[in-house]
Amino acid sequence: MKKITISADLVVYENNAELPDDVQKLMQEAIDAREKSYSPYSQFKVGAAILLENGEVVTGSNQENASYPAGLCAERTAIFYAGAKYPNTRILKMALTARSEKQEVAVPTPPCGSCRQAIAEYEVKQDQPIEIFFMGEKGKVVKAQSVSDLLPLIFDSTYL
Ligand code: THU
């Protein structure tokens, strides 16, 4: 028997202003998308902006439903749209932000497990990592170089 250690290096920026210019712009697109969230049940608004290698930006927000599980997170709304509209274009970066109507969200809000799995599918498909930047509504921004830093041991088609 042996032990395996899994670790990840994440970068933490003190605030939005510390981000590289292109990522600041992308985060602003995520903030704009966040405000279009349809979240009457949780009152938790999430925005995602995706930069593609052709320079296009695709955005999405969480879309809730009275039948709760029928709703979809911002990250998957955005990445499925990117996959549908630009099936052969690589995804370079994602910016994510969350805000609540109930309390201040000052901690960086990472993508949920299902969204990590969905993002992982596109990383495998394009054979190139996707940078992920995530924040709350203010404060620190965390950068992962790849979704595998957030979701080690991803399940992919090689297991099928
Ligand atoms: N949500 C997202 O949009 N992304 C995540 O990664 C976590 C959760 C949404 C789903 C639901 O509409 C609300 O936030 C509360 O869970």
# chains A, B, ... in the order shown; residues from 1 in each chain; ligands from 1

$ closest_atom_pairs --of "region 66-100 of chain A" --to "region 29-33 of chain A" --cutoff "12 Å" --atoms "only C-alpha atoms" --output "Markdown table"
| residue | atom | partner | partner_atom | distance |
| --- | --- | --- | --- | --- |
| A:Ala74 | CA | A:Ala33 | CA | 8.8 |
| A:Glu75 | CA | A:Ala30 | CA | 10.2 |
| A:Thr77 | CA | A:Ala33 | CA | 11.1 |
| A:Ala78 | CA | A:Ala33 | CA | 9.8 |
| A:Lys93 | CA | A:Ala30 | CA | 11.7 |
| A:Met94 | CA | A:Ala30 | CA | 8.8 |
| A:Ala95 | CA | A:Ala30 | CA | 6.1 |
| A:Leu96 | CA | A:Ala30 | CA | 6.0 |
| A:Thr97 | CA | A:Ile31 | CA | 6.3 |
| A:Ala98 | CA | A:Ile31 | CA | 8.1 |
| A:Arg99 | CA | A:Ile31 | CA | 9.1 |

$ residues_near_ligand --ligand "ligand 1" --cutoff "7 Å" --atoms "only C-alpha atoms and all ligand atoms" --output "VMD selection string"
chain A and resid 39 42 44 to 46 61 to 64 71 to 75 110 to 112 115

$ write_last_selection --atoms "C-alpha atoms" --output "PDB file, in the first residue's frame"
ATOM      1  CA  SER A  39     -32.934  33.239  -9.119  1.00  0.00           C
ATOM      2  CA  SER A  42     -32.317  31.202  -3.771  1.00  0.00           C
ATOM      3  CA  PHE A  44     -28.244  33.880  -5.101  1.00  0.00           C
ATOM      4  CA  LYS A  45     -27.041  35.382  -8.374  1.00  0.00           C
ATOM      5  CA  VAL A  46     -24.151  33.841 -10.251  1.00  0.00           C
ATOM      6  CA  SER A  61     -26.221  33.243 -15.362  1.00  0.00           C
ATOM      7  CA  ASN A  62     -28.033  30.767 -13.140  1.00  0.00           C
ATOM      8  CA  GLN A  63     -31.583  30.010 -14.262  1.00  0.00           C
ATOM      9  CA  GLU A  64     -33.841  28.606 -11.555  1.00  0.00           C
ATOM     10  CA  GLY A  71     -32.665  24.915 -12.899  1.00  0.00           C
ATOM     11  CA  LEU A  72     -29.108  25.311 -14.100  1.00  0.00           C
ATOM     12  CA  CYS A  73     -25.972  26.967 -12.740  1.00  0.00           C
ATOM     13  CA  ALA A  74     -24.377  29.950 -14.461  1.00  0.00           C
ATOM     14  CA  GLU A  75     -21.225  28.036 -15.378  1.00  0.00           C
ATOM     15  CA  PRO A 110     -16.017  28.372  -6.537  1.00  0.00           C
ATOM     16  CA  PRO A 111     -18.021  26.435  -9.136  1.00  0.00           C
ATOM     17  CA  CYS A 112     -20.086  23.559  -7.749  1.00  0.00           C
ATOM     18  CA  CYS A 115     -20.064  22.495 -12.989  1.00  0.00           C
TER      19      CYS A 115
END

$ atom_distance --atom1 "CA of Pro20 (chain A)" --atom2 "CA of Arg116 (chain A)"
23.4 Å

$ select_by_dssp --residues "region 17-82 of chain A" --states "strand (DSSP E or B)" --output "list in words"
Tyr38, Phe44, Lys45, Val46, Gly47, Ala48, Ala49, Ile50, Leu51, Leu52, Val57, Val58, Thr59, Gly60, Ser61, Gln63 and Leu72 of chain A

$ select_by_dssp --residues "region 15-141 of chain A" --states "helix (DSSP H, G or I)" --output "count of residues only"
46

$ atom_distance --atom1 "CA of Met135 (chain A)" --atom2 "CA of Val147 (chain A)"
15.4 Å

$ closest_residue --among "A:Asn15, A:Gln128, A:Gln28, A:Ser114" --to "Leu150 (chain A)" --atoms "only C-alpha atoms"
A:Ser114

$ residues_around --residues "region 55-57 of chain A" --least-positions-apart "3" --cutoff "12 Å" --atoms "only C-alpha atoms" --output "PyMOL selection string"
chain A and resi 22-23+25-30+33+48-52+60+78-79+81-82+85-86+89-95

$ residues_around --residues "Leu151 (chain A)" --least-positions-apart "5" --cutoff "10 Å" --atoms "only C-alpha atoms" --output "list of chain:residue names"
A:Ala8, A:Cys112, A:Gly113, A:Arg116, A:Gln117, A:Ile119, A:Ala120, A:Ser146

$ atom_distance --atom1 "CA of Val142 (chain A)" --atom2 "CA of Glu104 (chain A)"
17.6 Å
